[in-house]
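Student: Take this structure first; my questions come after.
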Amino acid sequence: MTNLYKQTIIPTLSLFTSIGTLLCCALPALLVTLGMGATLAGFISTAPWITTISNYKGTIFIAAGIMLLCSAAMQWRARYAPCPADPKQSRACTRLRKISWFILGTATVIYIIGFFFAFLAADILY
């Protein structure tokens, strides 16, 4: 269970927190930057909780960053951990590691995009 927790659950939680930063803060900033105010209004009328979450964007980004750092540290520490001797389990272990690195990379890219649009884009583009 511990190995499953380290290799799948933590990276997956990191992915979801990164997607949360993208939805709450980056997507509205991107839509406004592209001149799609009407689309943003429709999005907010469909999901009004987005504006409430946006009030806490600093906290959300800090929590997501901490999750990403924890996930990366766990992945890095387990990079040379032995896989089982059974060939079938060994292939599953190797595949799980690749998937975990892919999830972590995807979450990091989403987090960086979200950070850019939430905190930097307005200063750079205007």
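Please note that chains go A, B, ... in the order of the structure tokens, that every chain numbers its residues from 1, and that ligands are numbered from 1 in the order shown.
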Residues of range 74-111 of chain A within 7 Å of range 8-30 of chain A: nearest atom pair and distance (Å, one decimal) for each, counting only C-alpha atoms, sorted by chain and number, as CSV?
Tutor:
```
residue,atom,partner,partner_atom,distance
A:Ser100,CA,A:Thr8,CA,6.1
A:Ile103,CA,A:Pro11,CA,6.2
A:Leu104,CA,A:Pro11,CA,5.5
A:Ala107,CA,A:Leu15,CA,4.4
A:Ile110,CA,A:Ser18,CA,5.9
A:Tyr111,CA,A:Ser18,CA,4.9
```
Student: Taking N, CA, C and O atoms for each residue, export the selection above as a CSV table (one decimal), in the first residue's frame.
Tutor:
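See part.csv below for the written result:
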```csv
chain,number,residue,atom,x,y,z
A,100,SER,N,3.7,7.6,-13.4
A,100,SER,CA,3.9,8.6,-12.3
A,100,SER,C,4.7,9.8,-12.7
A,100,SER,O,4.3,11.0,-12.4
A,103,ILE,N,2.5,11.9,-15.0
A,103,ILE,CA,1.5,12.7,-14.3
A,103,ILE,C,2.2,13.9,-13.6
A,103,ILE,O,1.6,15.0,-13.6
A,104,LEU,N,3.3,13.6,-13.0
A,104,LEU,CA,4.0,14.7,-12.3
A,104,LEU,C,4.4,15.8,-13.3
A,104,LEU,O,4.3,17.0,-13.0
A,107,ALA,N,1.3,17.8,-14.4
A,107,ALA,CA,0.9,18.6,-13.3
A,107,ALA,C,1.8,19.9,-13.1
A,107,ALA,O,1.3,21.0,-12.9
A,110,ILE,N,0.9,22.3,-16.0
A,110,ILE,CA,-0.3,23.0,-15.7
A,110,ILE,C,-0.1,24.0,-14.7
A,110,ILE,O,-0.7,25.1,-14.7
A,111,TYR,N,0.6,23.7,-13.6
A,111,TYR,CA,0.9,24.6,-12.5
A,111,TYR,C,1.6,25.9,-13.1
A,111,TYR,O,1.3,27.0,-12.7
```
Student: Would you work out the distance separating CA of Tyr56 in chain A from CA of Ile44 in chain A, expressed in Å to one decimal?
Tutor: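 Separation of CA of Tyr56 in chain A and CA of Ile44 in chain A: 16.2 Å.
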Student: For each of A:Thr94, A:Ile124, A:Pro48, A:Thr108, take the minimum atom-to-atom distance to Leu68 in chain A, counting only C-alpha atoms, then give the residue where this is smallest.
Tutor: A:Thr108
Student: For a test of reading the model, state the distance in Å between CA of Ser71 in chain A and CA of Ala47 in chain A, rounded to one decimal.
Tutor: 29.3 Å
Student: So the first atom is CA of Lys57 in chain A and the second is CA of Phe119 in chain A; what is the distance between them in Å, to one decimal place?
Tutor: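 That distance, rounded to one decimal, is 9.5 Å.
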Student: Using DSSP on the backbone coordinates, identify the residues of range 18-117 of chain A assigned to alpha helix (DSSP H); present them as a PyMOL selection string.
Tutor: chain A and resi 18-21+27-33+37-46+49-54+57-77+87-115
Student: Store the residues picked out above, limited to C-alpha atoms, as a CSV table (one decimal), in the first residue's frame.
Tutor:
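Heads up, here's the output in out_14.csv:
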```
chain,number,residue,atom,x,y,z
A,18,SER,CA,-2.7,22.0,-10.5
A,19,ILE,CA,-5.9,21.7,-12.4
A,20,GLY,CA,-7.6,23.6,-9.6
A,21,THR,CA,-5.1,26.4,-10.0
A,27,LEU,CA,-8.6,30.3,-17.2
A,28,PRO,CA,-10.4,33.6,-16.2
A,29,ALA,CA,-7.2,35.6,-16.8
A,30,LEU,CA,-6.6,33.9,-20.1
A,31,LEU,CA,-10.1,34.6,-21.3
A,32,VAL,CA,-9.9,38.2,-20.3
A,33,THR,CA,-6.5,38.5,-22.0
A,37,GLY,CA,-15.2,38.6,-21.6
A,38,ALA,CA,-18.6,37.2,-22.7
A,39,THR,CA,-17.2,33.7,-22.5
A,40,LEU,CA,-15.9,34.4,-19.1
A,41,ALA,CA,-19.3,35.7,-18.0
A,42,GLY,CA,-20.9,32.5,-19.3
A,43,PHE,CA,-18.3,30.4,-17.6
A,44,ILE,CA,-18.9,32.2,-14.2
A,45,SER,CA,-22.7,31.9,-14.6
A,46,THR,CA,-22.3,28.2,-15.1
A,49,TRP,CA,-17.9,29.0,-7.2
A,50,ILE,CA,-15.0,29.9,-9.4
A,51,THR,CA,-15.1,33.5,-8.2
A,52,THR,CA,-15.1,32.4,-4.5
A,53,ILE,CA,-12.1,30.1,-5.1
A,54,SER,CA,-10.3,33.0,-6.9
A,57,LYS,CA,-5.6,32.0,-5.2
A,58,GLY,CA,-2.4,32.6,-3.2
A,59,THR,CA,-3.3,29.8,-0.8
A,60,ILE,CA,-4.4,27.5,-3.6
A,61,PHE,CA,-1.1,28.1,-5.4
A,62,ILE,CA,1.0,27.5,-2.3
A,63,ALA,CA,-0.9,24.3,-1.5
A,64,ALA,CA,-0.5,23.1,-5.1
A,65,GLY,CA,3.2,23.9,-5.1
A,66,ILE,CA,3.7,22.0,-1.8
A,67,MET,CA,1.9,19.0,-3.3
A,68,LEU,CA,4.1,19.2,-6.4
A,69,LEU,CA,7.3,19.4,-4.3
A,70,CYS,CA,6.2,16.5,-2.1
A,71,SER,CA,5.4,14.4,-5.2
A,72,ALA,CA,8.6,15.2,-6.9
A,73,ALA,CA,10.6,14.4,-3.8
A,74,MET,CA,8.9,11.0,-3.4
A,75,GLN,CA,9.4,10.2,-7.1
A,76,TRP,CA,13.0,11.2,-6.9
A,77,ARG,CA,13.7,9.1,-3.7
A,87,PRO,CA,8.6,-10.5,-14.6
A,88,LYS,CA,4.9,-9.5,-14.7
A,89,GLN,CA,5.1,-7.5,-11.5
A,90,SER,CA,8.4,-6.0,-12.7
A,91,ARG,CA,6.8,-4.7,-15.9
A,92,ALA,CA,3.8,-3.3,-13.9
A,93,CYS,CA,6.2,-1.6,-11.6
A,94,THR,CA,8.2,-0.1,-14.4
A,95,ARG,CA,5.0,1.1,-16.2
A,96,LEU,CA,3.7,2.6,-13.0
A,97,ARG,CA,6.9,4.6,-12.5
A,98,LYS,CA,6.7,6.0,-16.1
A,99,ILE,CA,3.0,6.9,-15.6
A,100,SER,CA,3.9,8.6,-12.3
A,101,TRP,CA,6.6,10.7,-13.9
A,102,PHE,CA,4.2,11.6,-16.8
A,103,ILE,CA,1.5,12.7,-14.3
A,104,LEU,CA,4.0,14.7,-12.3
A,105,GLY,CA,5.3,16.4,-15.5
A,106,THR,CA,1.8,17.2,-16.7
A,107,ALA,CA,0.9,18.6,-13.3
A,108,THR,CA,4.0,20.8,-13.2
A,109,VAL,CA,3.3,22.2,-16.7
A,110,ILE,CA,-0.3,23.0,-15.7
A,111,TYR,CA,0.9,24.6,-12.5
A,112,ILE,CA,3.4,26.8,-14.4
A,113,ILE,CA,0.7,27.9,-17.0
A,114,GLY,CA,-1.7,28.7,-14.1
A,115,PHE,CA,1.0,30.6,-12.3
```
